[in-house]
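Here is coords13.json, consisting of JSON, C-alpha atoms:
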[["chain", "number", "residue", "atom", "x", "y", "z"],
["A", 268, "MET", "CA", 4.21, 32.74, 24.60],
["A", 269, "ASP", "CA", 5.50, 35.18, 27.22],
["A", 270, "ASP", "CA", 6.17, 33.25, 30.43],
["A", 271, "ARG", "CA", 7.47, 36.23, 32.39],
["A", 272, "PRO", "CA", 4.21, 36.82, 34.34],
["A", 273, "ALA", "CA", 4.15, 33.15, 35.36],
["A", 274, "ALA", "CA", 7.77, 33.23, 36.47],
["A", 275, "PHE", "CA", 7.05, 36.43, 38.39],
["A", 276, "ALA", "CA", 4.15, 34.88, 40.28],
["A", 277, "GLU", "CA", 5.88, 31.56, 40.93],
["A", 278, "GLU", "CA", 9.13, 32.82, 42.47],
["A", 279, "PRO", "CA", 8.84, 31.81, 46.14],
["A", 280, "ARG", "CA", 9.28, 34.10, 49.09],
["A", 281, "LEU", "CA", 12.30, 32.99, 51.10],
["A", 282, "ILE", "CA", 11.61, 35.26, 54.08],
["A", 283, "THR", "CA", 8.15, 34.58, 55.47],
["A", 284, "GLU", "CA", 5.95, 35.35, 58.47],
["A", 285, "PRO", "CA", 5.17, 33.14, 61.50],
["A", 286, "GLY", "CA", 1.88, 32.42, 63.22],
["A", 287, "ARG", "CA", -1.33, 34.19, 62.25],
["A", 288, "ALA", "CA", 0.40, 36.20, 59.54],
["A", 289, "ALA", "CA", 1.51, 32.95, 57.90],
["A", 290, "ARG", "CA", -2.11, 31.76, 57.77],
["A", 291, "VAL", "CA", -3.19, 35.02, 56.14],
["A", 292, "ALA", "CA", -0.30, 34.80, 53.66],
["A", 293, "ALA", "CA", -1.22, 31.24, 52.64],
["A", 294, "ILE", "CA", -4.78, 32.37, 51.83],
["A", 295, "ALA", "CA", -3.85, 35.65, 50.18],
["A", 296, "GLN", "CA", -1.04, 34.47, 47.92],
["A", 297, "PRO", "CA", -3.08, 32.44, 45.38],
["A", 298, "VAL", "CA", -5.83, 35.10, 45.28],
["A", 299, "LEU", "CA", -3.28, 37.80, 44.47],
["A", 300, "ALA", "CA", -1.61, 35.56, 41.87],
["A", 301, "GLU", "CA", -4.91, 35.20, 40.03],
["A", 302, "LEU", "CA", -5.01, 39.00, 39.71],
["A", 303, "GLY", "CA", -1.44, 39.19, 38.39],
["A", 304, "TYR", "CA", 0.09, 40.40, 41.67],
["A", 305, "ARG", "CA", 2.38, 38.71, 44.11],
["A", 306, "LEU", "CA", 2.52, 38.85, 47.87],
["A", 307, "VAL", "CA", 5.38, 40.73, 49.50],
["A", 308, "ARG", "CA", 4.55, 40.68, 53.20],
["A", 309, "VAL", "CA", 1.76, 40.30, 55.74],
["A", 310, "ARG", "CA", 1.90, 42.23, 59.00],
["A", 311, "ILE", "CA", -0.65, 42.07, 61.81],
["A", 312, "SER", "CA", -0.69, 44.90, 64.31],
["A", 313, "GLY", "CA", -2.96, 45.69, 67.21],
["A", 314, "ALA", "CA", -1.79, 49.08, 68.41],
["A", 315, "THR", "CA", -5.07, 50.84, 67.47],
["A", 316, "GLY", "CA", -7.33, 47.86, 66.89],
["A", 317, "CYS", "CA", -6.32, 44.83, 64.86],
["A", 318, "THR", "CA", -5.07, 45.73, 61.38],
["A", 319, "VAL", "CA", -4.01, 43.17, 58.79],
["A", 320, "GLN", "CA", -1.64, 44.83, 56.32],
["A", 321, "ILE", "CA", -0.92, 43.03, 53.06],
["A", 322, "MET", "CA", 1.86, 44.34, 50.85],
["A", 323, "ALA", "CA", 1.69, 43.26, 47.21],
["A", 324, "GLU", "CA", 3.29, 44.22, 43.92],
["A", 325, "ARG", "CA", 2.95, 44.03, 40.15],
["A", 326, "PRO", "CA", 5.84, 42.81, 37.98],
["A", 327, "ASP", "CA", 7.17, 46.39, 37.81],
["A", 328, "GLY", "CA", 7.29, 46.60, 41.62],
["A", 329, "ALA", "CA", 4.34, 49.02, 41.82],
["A", 330, "LEU", "CA", 0.81, 48.80, 43.14],
["A", 331, "ALA", "CA", -1.52, 51.60, 42.08],
["A", 332, "ILE", "CA", -4.68, 52.65, 43.90],
["A", 333, "GLU", "CA", -6.78, 50.70, 41.37],
["A", 334, "ASP", "CA", -4.69, 47.59, 42.11],
["A", 335, "CYS", "CA", -5.23, 48.02, 45.85],
["A", 336, "GLU", "CA", -8.96, 48.28, 45.24],
["A", 337, "ALA", "CA", -9.03, 45.13, 43.08],
["A", 338, "ALA", "CA", -7.00, 43.15, 45.62],
["A", 339, "SER", "CA", -9.18, 44.29, 48.50],
["A", 340, "ARG", "CA", -12.37, 43.32, 46.69],
["A", 341, "ALA", "CA", -10.97, 39.88, 45.87],
["A", 342, "LEU", "CA", -9.51, 39.15, 49.30],
["A", 343, "SER", "CA", -12.30, 40.42, 51.55],
["A", 344, "PRO", "CA", -14.92, 37.75, 50.74],
["A", 345, "VAL", "CA", -12.28, 35.01, 50.89],
["A", 346, "PHE", "CA", -11.24, 36.14, 54.36],
["A", 347, "ASP", "CA", -14.89, 36.34, 55.42],
["A", 348, "VAL", "CA", -15.24, 32.64, 54.59],
["A", 349, "THR", "CA", -11.88, 31.34, 55.82],
["A", 350, "ASP", "CA", -11.78, 33.64, 58.88],
["A", 351, "PRO", "CA", -7.98, 33.50, 59.48],
["A", 352, "ILE", "CA", -8.14, 36.16, 62.23],
["A", 353, "GLU", "CA", -10.21, 35.73, 65.36],
["A", 354, "GLY", "CA", -12.29, 38.80, 66.14],
["A", 355, "PRO", "CA", -12.82, 42.02, 64.17],
["A", 356, "TYR", "CA", -9.99, 43.51, 62.14],
["A", 357, "ARG", "CA", -9.32, 46.02, 59.40],
["A", 358, "LEU", "CA", -7.76, 44.92, 56.13],
["A", 359, "GLU", "CA", -5.21, 47.23, 54.52],
["A", 360, "ILE", "CA", -3.67, 46.67, 51.08],
["A", 361, "SER", "CA", -0.55, 48.62, 50.14],
["A", 362, "SER", "CA", 2.45, 48.73, 47.86],
["A", 363, "PRO", "CA", 5.83, 47.72, 49.34],
["A", 364, "GLY", "CA", 7.06, 51.33, 49.63],
["A", 365, "ILE", "CA", 10.46, 52.76, 48.80],
["A", 366, "ASP", "CA", 12.21, 51.22, 51.82],
["A", 367, "ARG", "CA", 10.58, 47.92, 50.96],
["A", 368, "PRO", "CA", 11.02, 44.46, 52.45],
["A", 369, "LEU", "CA", 13.30, 42.09, 50.55],
["A", 370, "VAL", "CA", 11.76, 38.62, 50.56],
["A", 371, "ARG", "CA", 12.82, 36.92, 47.30],
["A", 372, "ARG", "CA", 16.21, 36.15, 45.81],
["A", 373, "SER", "CA", 15.50, 38.47, 42.89],
["A", 374, "ASP", "CA", 14.87, 41.35, 45.31],
["A", 375, "PHE", "CA", 18.47, 41.26, 46.49],
["A", 376, "ASP", "CA", 19.80, 41.26, 42.93],
["A", 377, "ARG", "CA", 17.42, 43.94, 41.72],
["A", 378, "TYR", "CA", 18.49, 46.34, 44.46],
["A", 379, "ALA", "CA", 22.21, 45.57, 44.40],
["A", 380, "GLY", "CA", 24.16, 48.73, 45.14],
["A", 381, "HIS", "CA", 21.61, 50.00, 47.66],
["A", 382, "ALA", "CA", 21.79, 50.00, 51.45],
["A", 383, "ALA", "CA", 19.91, 47.36, 53.41],
["A", 384, "HIS", "CA", 19.25, 46.24, 56.97],
["A", 385, "ILE", "CA", 19.25, 42.48, 57.57],
["A", 386, "GLU", "CA", 18.35, 40.53, 60.70],
["A", 387, "MET", "CA", 19.23, 36.86, 61.12],
["A", 388, "LEU", "CA", 17.37, 34.16, 63.01],
["A", 389, "ALA", "CA", 20.60, 33.12, 64.74],
["A", 390, "PRO", "CA", 23.85, 35.04, 65.32],
["A", 391, "ILE", "CA", 26.67, 34.94, 62.78],
["A", 392, "ASP", "CA", 30.06, 35.74, 64.31],
["A", 393, "GLY", "CA", 28.19, 36.96, 67.37],
["A", 394, "ARG", "CA", 25.84, 39.34, 65.48],
["A", 395, "ARG", "CA", 22.25, 39.08, 64.33],
["A", 396, "ARG", "CA", 21.86, 42.52, 62.72],
["A", 397, "PHE", "CA", 23.81, 43.76, 59.72],
["A", 398, "ARG", "CA", 23.79, 46.95, 57.66],
["A", 399, "GLY", "CA", 25.55, 47.64, 54.42],
["A", 400, "GLU", "CA", 25.46, 47.77, 50.64],
["A", 401, "LEU", "CA", 23.89, 44.86, 48.78],
["A", 402, "ILE", "CA", 26.35, 43.32, 46.32],
["A", 403, "GLY", "CA", 24.01, 40.60, 45.07],
["A", 404, "THR", "CA", 23.30, 36.90, 45.54],
["A", 405, "GLU", "CA", 25.72, 34.00, 45.46],
["A", 406, "GLY", "CA", 23.78, 30.74, 45.42],
["A", 407, "ASP", "CA", 21.38, 30.81, 48.36],
["A", 408, "SER", "CA", 23.19, 33.66, 50.13],
["A", 409, "VAL", "CA", 23.47, 37.43, 49.88],
["A", 410, "ARG", "CA", 26.80, 39.22, 49.84],
["A", 411, "LEU", "CA", 26.75, 42.42, 51.88],
["A", 412, "ARG", "CA", 29.45, 45.09, 52.05],
["A", 413, "ARG", "CA", 29.05, 46.10, 55.66],
["A", 414, "THR", "CA", 28.97, 49.64, 56.94],
["A", 415, "ASP", "CA", 28.79, 48.46, 60.56],
["A", 416, "SER", "CA", 31.91, 46.30, 60.66],
["A", 417, "GLY", "CA", 34.32, 46.79, 63.51],
["A", 418, "ALA", "CA", 38.11, 47.05, 63.48],
["A", 419, "GLY", "CA", 39.67, 43.86, 62.18],
["A", 420, "GLU", "CA", 36.38, 42.50, 60.81],
["A", 421, "ASN", "CA", 35.92, 41.56, 57.17],
["A", 422, "PRO", "CA", 33.76, 44.30, 55.62],
["A", 423, "GLU", "CA", 32.08, 41.73, 53.33],
["A", 424, "ILE", "CA", 29.93, 38.89, 54.54],
["A", 425, "LEU", "CA", 27.75, 36.15, 53.03],
["A", 426, "LEU", "CA", 24.36, 35.83, 54.71],
["A", 427, "PRO", "CA", 22.12, 32.79, 53.97],
["A", 428, "ILE", "CA", 18.68, 34.01, 52.87],
["A", 429, "ASP", "CA", 16.90, 31.08, 54.53],
["A", 430, "ASP", "CA", 18.38, 32.15, 57.87],
["A", 431, "MET", "CA", 17.10, 35.73, 57.66],
["A", 432, "SER", "CA", 14.18, 36.89, 59.79],
["A", 433, "GLU", "CA", 13.92, 40.27, 58.09],
["A", 434, "ALA", "CA", 15.55, 42.21, 55.27],
["A", 435, "ARG", "CA", 14.62, 45.65, 54.02],
["A", 436, "LEU", "CA", 16.02, 48.56, 52.06],
["A", 437, "LEU", "CA", 17.21, 51.65, 53.91],
["A", 438, "LEU", "CA", 15.85, 54.96, 52.75],
["A", 439, "THR", "CA", 18.68, 56.88, 51.08],
["A", 440, "ASP", "CA", 18.97, 59.70, 48.57],
["A", 441, "ALA", "CA", 20.28, 57.20, 46.00],
["A", 442, "LEU", "CA", 17.26, 54.92, 46.45],
["A", 443, "ILE", "CA", 14.81, 57.82, 46.16],
["A", 444, "ALA", "CA", 16.61, 59.10, 43.06],
["A", 445, "GLU", "CA", 16.47, 55.70, 41.37],
["A", 446, "SER", "CA", 12.77, 55.30, 42.17],
["A", 447, "LEU", "CA", 12.05, 58.71, 40.66],
["A", 448, "ARG", "CA", 14.17, 57.91, 37.61],
["A", 449, "ARG", "CA", 12.25, 54.69, 37.00],
["A", 450, "SER", "CA", 8.97, 56.53, 37.36],
["A", 451, "LYS", "CA", 10.02, 59.19, 34.85],
["A", 452, "HIS", "CA", 11.08, 56.51, 32.38],
["A", 453, "GLY", "CA", 7.64, 54.94, 32.39],
["A", 454, "ASP", "CA", 8.11, 52.16, 34.91],
["A", 455, "LYS", "CA", 5.36, 53.74, 37.03],
["A", 456, "ILE", "CA", 6.74, 52.50, 40.31],
["A", 457, "ALA", "CA", 4.16, 53.71, 42.80],
["A", 458, "GLU", "CA", 6.46, 53.78, 45.79],
["A", 459, "GLY", "CA", 8.77, 56.13, 43.90],
["A", 460, "ALA", "CA", 6.22, 58.88, 43.50],
["A", 461, "PRO", "CA", 7.47, 62.21, 44.87],
["A", 462, "HIS", "CA", 4.87, 62.35, 47.65],
["A", 463, "ALA", "CA", 4.65, 58.64, 48.43],
["A", 464, "PRO", "CA", 5.25, 57.85, 52.11],
["A", 465, "ALA", "CA", 8.52, 56.11, 52.83],
["A", 466, "ASN", "CA", 6.84, 53.10, 54.41],
["A", 467, "GLY", "CA", 4.40, 52.46, 51.60],
["A", 468, "GLY", "CA", 2.80, 53.75, 48.43],
["A", 469, "PRO", "CA", -0.92, 53.72, 47.64],
["A", 470, "LYS", "CA", -3.04, 52.06, 50.28],
["A", 471, "ALA", "CA", -6.59, 50.75, 50.46],
["A", 472, "ARG", "CA", -8.37, 50.18, 53.72],
["A", 473, "SER", "CA", -11.23, 47.80, 53.26],
["A", 474, "HIS", "CA", -14.38, 47.39, 55.27],
["A", 475, "VAL", "CA", -14.01, 46.15, 58.84],
["A", 476, "HIS", "CA", -14.30, 42.40, 59.23],
["A", 477, "GLY", "CA", -16.44, 41.60, 62.27],
["A", 478, "ALA", "CA", -16.49, 38.58, 64.50],
["A", 479, "PRO", "CA", -19.48, 36.20, 64.31],
["A", 480, "GLY", "CA", -22.55, 37.66, 65.96],
["A", 481, "GLN", "CA", -21.47, 41.27, 65.57],
["A", 482, "ASP", "CA", -23.08, 43.92, 63.39],
["A", 483, "ARG", "CA", -21.68, 43.08, 59.95],
["A", 484, "ARG", "CA", -23.26, 45.93, 58.01],
["A", 485, "ALA", "CA", -19.81, 47.38, 57.42],
["A", 486, "ASN", "CA", -18.85, 44.08, 55.78],
["A", 487, "GLU", "CA", -21.71, 44.36, 53.35],
["A", 488, "ARG", "CA", -20.71, 47.81, 52.12],
["A", 489, "LYS", "CA", -18.25, 46.64, 49.51],
["A", 490, "GLY", "CA", -17.58, 50.18, 48.33],
["A", 491, "ASP", "CA", -16.84, 51.54, 51.81],
["A", 492, "GLN", "CA", -13.11, 51.95, 51.37],
["A", 493, "ARG", "CA", -10.69, 54.71, 52.21],
["A", 494, "TRP", "CA", -7.85, 55.43, 49.81],
["A", 495, "ARG", "CA", -4.57, 56.92, 50.99],
["A", 496, "PRO", "CA", -2.37, 57.77, 48.00]]

Would you write out, as structure tokens, the structure that this file holds?
Amino acid sequence: MDDRPAAFAEEPRLITEPGRAARVAAIAQPVLAELGYRLVRVRISGATGCTVQIMAERPDGALAIEDCEAASRALSPVFDVTDPIEGPYRLEISSPGIDRPLVRRSDFDRYAGHAAHIEMLAPIDGRRRFRGELIGTEGDSVRLRRTDSGAGENPEILLPIDDMSEARLLLTDALIAESLRRSKHGDKIAEGAPHAPANGGPKARSHVHGAPGQDRRANERKGDQRWRP
């Protein structure tokens, strides 16, 4: 029996969201797992109306348009019942993108050799933000070869994953080249497609979720979705 899909789904996220995003993540994670995907990140923004963005991935790190559609159709009725966001909002499903968030221990090992930006919850040696090349994990920490170290500072540092508030890859020529190479070799990594946007691959925007008492006809049009490859 191949237990790799189970191990993929069960690996916990070590960098998580606070507040409303945490409530959305707790609801979305088991629904995505049932479909064979795993949650990467939830982000709630209100710049142009409330948007709930859910980043997810398959075991190969990709999320195709068809996957976005399946996830949206599974999540939308669950959110309608649980109502984790007060008021109307738009649900968006997307792949992690090339310059993806790093949220699990395996992410830091998988992308060893690539540049990353890491922010800590509390300062380490007077700094909260670090940039450099990922070397890999050591226990519960990540070793980073810094590119922002000052004179007299050790260029390598161990950063505890549990103390990170954010970690993400930096878009570089090397990262783009590796994503394209994987795609050409059949890995089908969506965020590595030549015309994929840097901050995400295929996206699905679901119907608008309305607040109680509002016109919910948009909610009932299950096929009313806009795809942005």

In Å to one decimal, how far is CA of Ala341 (chain A) from CA of Ser373 (chain A)?
->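 Between these atoms lies a distance of 26.7 Å.
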
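Taking CA of Ile282 (chain A) and CA of Val370 (chain A) as endpoints, the distance between them is 4.9 Å.
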
Go ahead and compute the interatomic distance for CA of Ile294 (chain A) and CA of Gly354 (chain A), in Å to one decimal.
->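 So the two atoms, CA of Ile294 (chain A) and CA of Gly354 (chain A), lie 17.4 Å apart.
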
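Among A:Leu388, A:Leu425, A:Ala276, A:Leu306, the residue with the shortest atom-to-atom distance to Glu405 (chain A), counting all atoms listed in the file, is A:Leu425.
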
Minimum-distance residue to Leu281 (chain A), chosen among A:Phe397, A:Phe375, A:Tyr304, A:Tyr356 (using only C-alpha atoms) |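 Comparing A:Phe397, A:Phe375, A:Tyr304, A:Tyr356 against Leu281 (chain A), the winner is A:Phe375.
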
Of A:Arg325, A:Arg357, A:Arg340, A:Arg371, the one nearest to Thr283 (chain A) when counting only C-alpha atoms is A:Arg371

In terms of all atoms listed in the file, the residue from A:Leu426, A:Ile391, A:Leu447, A:Leu299 at minimal distance from Val345 (chain A) is A:Leu299

Of the listed residues A:Glu420, A:Leu302, A:Arg308, A:Val319, that which approaches Glu284 (chain A) most closely, counting all atoms listed in the file |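 With all atoms listed in the file as the atom set, the closest residue is A:Arg308.
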
Select, from A:Glu353, A:Asp429, A:Asp415, A:Glu333, the residue with the minimum atom-to-atom distance to Ala382 (chain A), counting only C-alpha atoms.
-> A:Asp415

What are the centre and the three edge lengths of an axis-aligned box that wraps all atoms of region 432-444 of chain A in the file, given that 5 Å is added to every side, written as lines of an AutoDock Vina configuration file and rounded to one decimal in Å?
center_x = 17.1
center_y = 48.3
center_z = 51.4
size_x = 16.4
size_y = 32.8
size_z = 26.7

Quick one: residues within 10 Å of Arg413 (chain A), all atoms listed in the file counted, chain neighbours fewer than 5 positions away excluded, as a compact mmCIF listing (two decimals) with C-alpha atoms, in the coordinates of the input?
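The resulting file, result.txt, is reproduced below:
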# COMPACT_ATOMS: atom_id res chain seq x y z
CA ALA A 382 21.79 50.00 51.45
CA ALA A 383 19.91 47.36 53.41
CA HIS A 384 19.25 46.24 56.97
CA PHE A 397 23.81 43.76 59.72
CA ARG A 398 23.79 46.95 57.66
CA GLY A 399 25.55 47.64 54.42
CA GLU A 400 25.46 47.77 50.64
CA LEU A 401 23.89 44.86 48.78
CA GLU A 420 36.38 42.50 60.81
CA ASN A 421 35.92 41.56 57.17
CA PRO A 422 33.76 44.30 55.62
CA GLU A 423 32.08 41.73 53.33
CA ILE A 424 29.93 38.89 54.54

From the structure block, carefully write region 419-446 of chain A out with N, CA and C atoms; format it as a CSV table (one decimal), in the first residue's frame.
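Listing of selection-v1.csv after writing:
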chain,number,residue,atom,x,y,z
A,419,GLY,N,31.1,41.6,10.3
A,419,GLY,CA,31.3,40.9,11.6
A,419,GLY,C,30.3,40.0,12.0
A,420,GLU,N,29.2,39.9,11.2
A,420,GLU,CA,28.1,39.0,11.6
A,420,GLU,C,28.3,37.6,10.9
A,421,ASN,N,27.9,36.6,11.6
A,421,ASN,CA,28.0,35.2,11.0
A,421,ASN,C,27.0,35.1,9.8
A,422,PRO,N,27.5,34.8,8.6
A,422,PRO,CA,26.6,34.7,7.5
A,422,PRO,C,25.6,33.6,7.5
A,423,GLU,N,25.8,32.6,8.4
A,423,GLU,CA,24.8,31.5,8.6
A,423,GLU,C,24.1,31.6,9.9
A,424,ILE,N,22.8,31.3,9.9
A,424,ILE,CA,22.0,31.4,11.1
A,424,ILE,C,20.9,30.3,11.1
A,425,LEU,N,20.6,29.9,12.3
A,425,LEU,CA,19.5,28.9,12.5
A,425,LEU,C,18.3,29.6,13.0
A,426,LEU,N,17.2,29.4,12.3
A,426,LEU,CA,16.0,30.1,12.6
A,426,LEU,C,14.9,29.1,13.0
A,427,PRO,N,14.4,29.1,14.2
A,427,PRO,CA,13.3,28.2,14.6
A,427,PRO,C,12.0,28.4,13.8
A,428,ILE,N,11.5,27.3,13.2
A,428,ILE,CA,10.4,27.4,12.3
A,428,ILE,C,9.1,27.9,13.1
A,429,ASP,N,9.0,27.4,14.3
A,429,ASP,CA,7.8,27.7,15.1
A,429,ASP,C,7.8,29.2,15.5
A,430,ASP,N,8.9,29.9,15.4
A,430,ASP,CA,9.0,31.3,15.7
A,430,ASP,C,8.9,32.2,14.5
A,431,MET,N,8.6,31.6,13.3
A,431,MET,CA,8.5,32.4,12.1
A,431,MET,C,7.1,32.9,11.9
A,432,SER,N,6.9,34.1,11.5
A,432,SER,CA,5.6,34.6,11.1
A,432,SER,C,5.3,34.5,9.7
A,433,GLU,N,6.4,34.5,8.9
A,433,GLU,CA,6.2,34.3,7.4
A,433,GLU,C,7.5,33.8,6.8
A,434,ALA,N,7.4,33.0,5.8
A,434,ALA,CA,8.6,32.6,5.0
A,434,ALA,C,8.1,32.3,3.6
A,435,ARG,N,8.9,32.8,2.6
A,435,ARG,CA,8.5,32.7,1.2
A,435,ARG,C,9.7,32.7,0.4
A,436,LEU,N,9.6,32.0,-0.8
A,436,LEU,CA,10.7,32.0,-1.8
A,436,LEU,C,10.8,33.4,-2.4
A,437,LEU,N,12.0,33.8,-2.8
A,437,LEU,CA,12.2,35.0,-3.6
A,437,LEU,C,12.3,34.6,-5.1
A,438,LEU,N,11.7,35.4,-5.9
A,438,LEU,CA,11.7,35.1,-7.3
A,438,LEU,C,13.1,35.4,-7.9
A,439,THR,N,13.7,34.3,-8.4
A,439,THR,CA,15.0,34.4,-9.0
A,439,THR,C,15.0,33.7,-10.3
A,440,ASP,N,16.1,33.9,-11.1
A,440,ASP,CA,16.2,33.2,-12.4
A,440,ASP,C,16.4,31.7,-12.1
A,441,ALA,N,17.1,31.4,-11.1
A,441,ALA,CA,17.3,30.0,-10.8
A,441,ALA,C,16.0,29.3,-10.4
A,442,LEU,N,15.2,29.9,-9.6
A,442,LEU,CA,13.9,29.3,-9.2
A,442,LEU,C,13.0,29.1,-10.4
A,443,ILE,N,12.9,30.1,-11.3
A,443,ILE,CA,12.1,30.0,-12.5
A,443,ILE,C,12.6,28.9,-13.4
A,444,ALA,N,14.0,28.8,-13.5
A,444,ALA,CA,14.6,27.8,-14.4
A,444,ALA,C,14.2,26.4,-13.8
A,445,GLU,N,14.3,26.2,-12.5
A,445,GLU,CA,14.0,24.9,-11.9
A,445,GLU,C,12.5,24.5,-12.1
A,446,SER,N,11.6,25.5,-12.0
A,446,SER,CA,10.2,25.3,-12.1
A,446,SER,C,9.9,24.8,-13.6
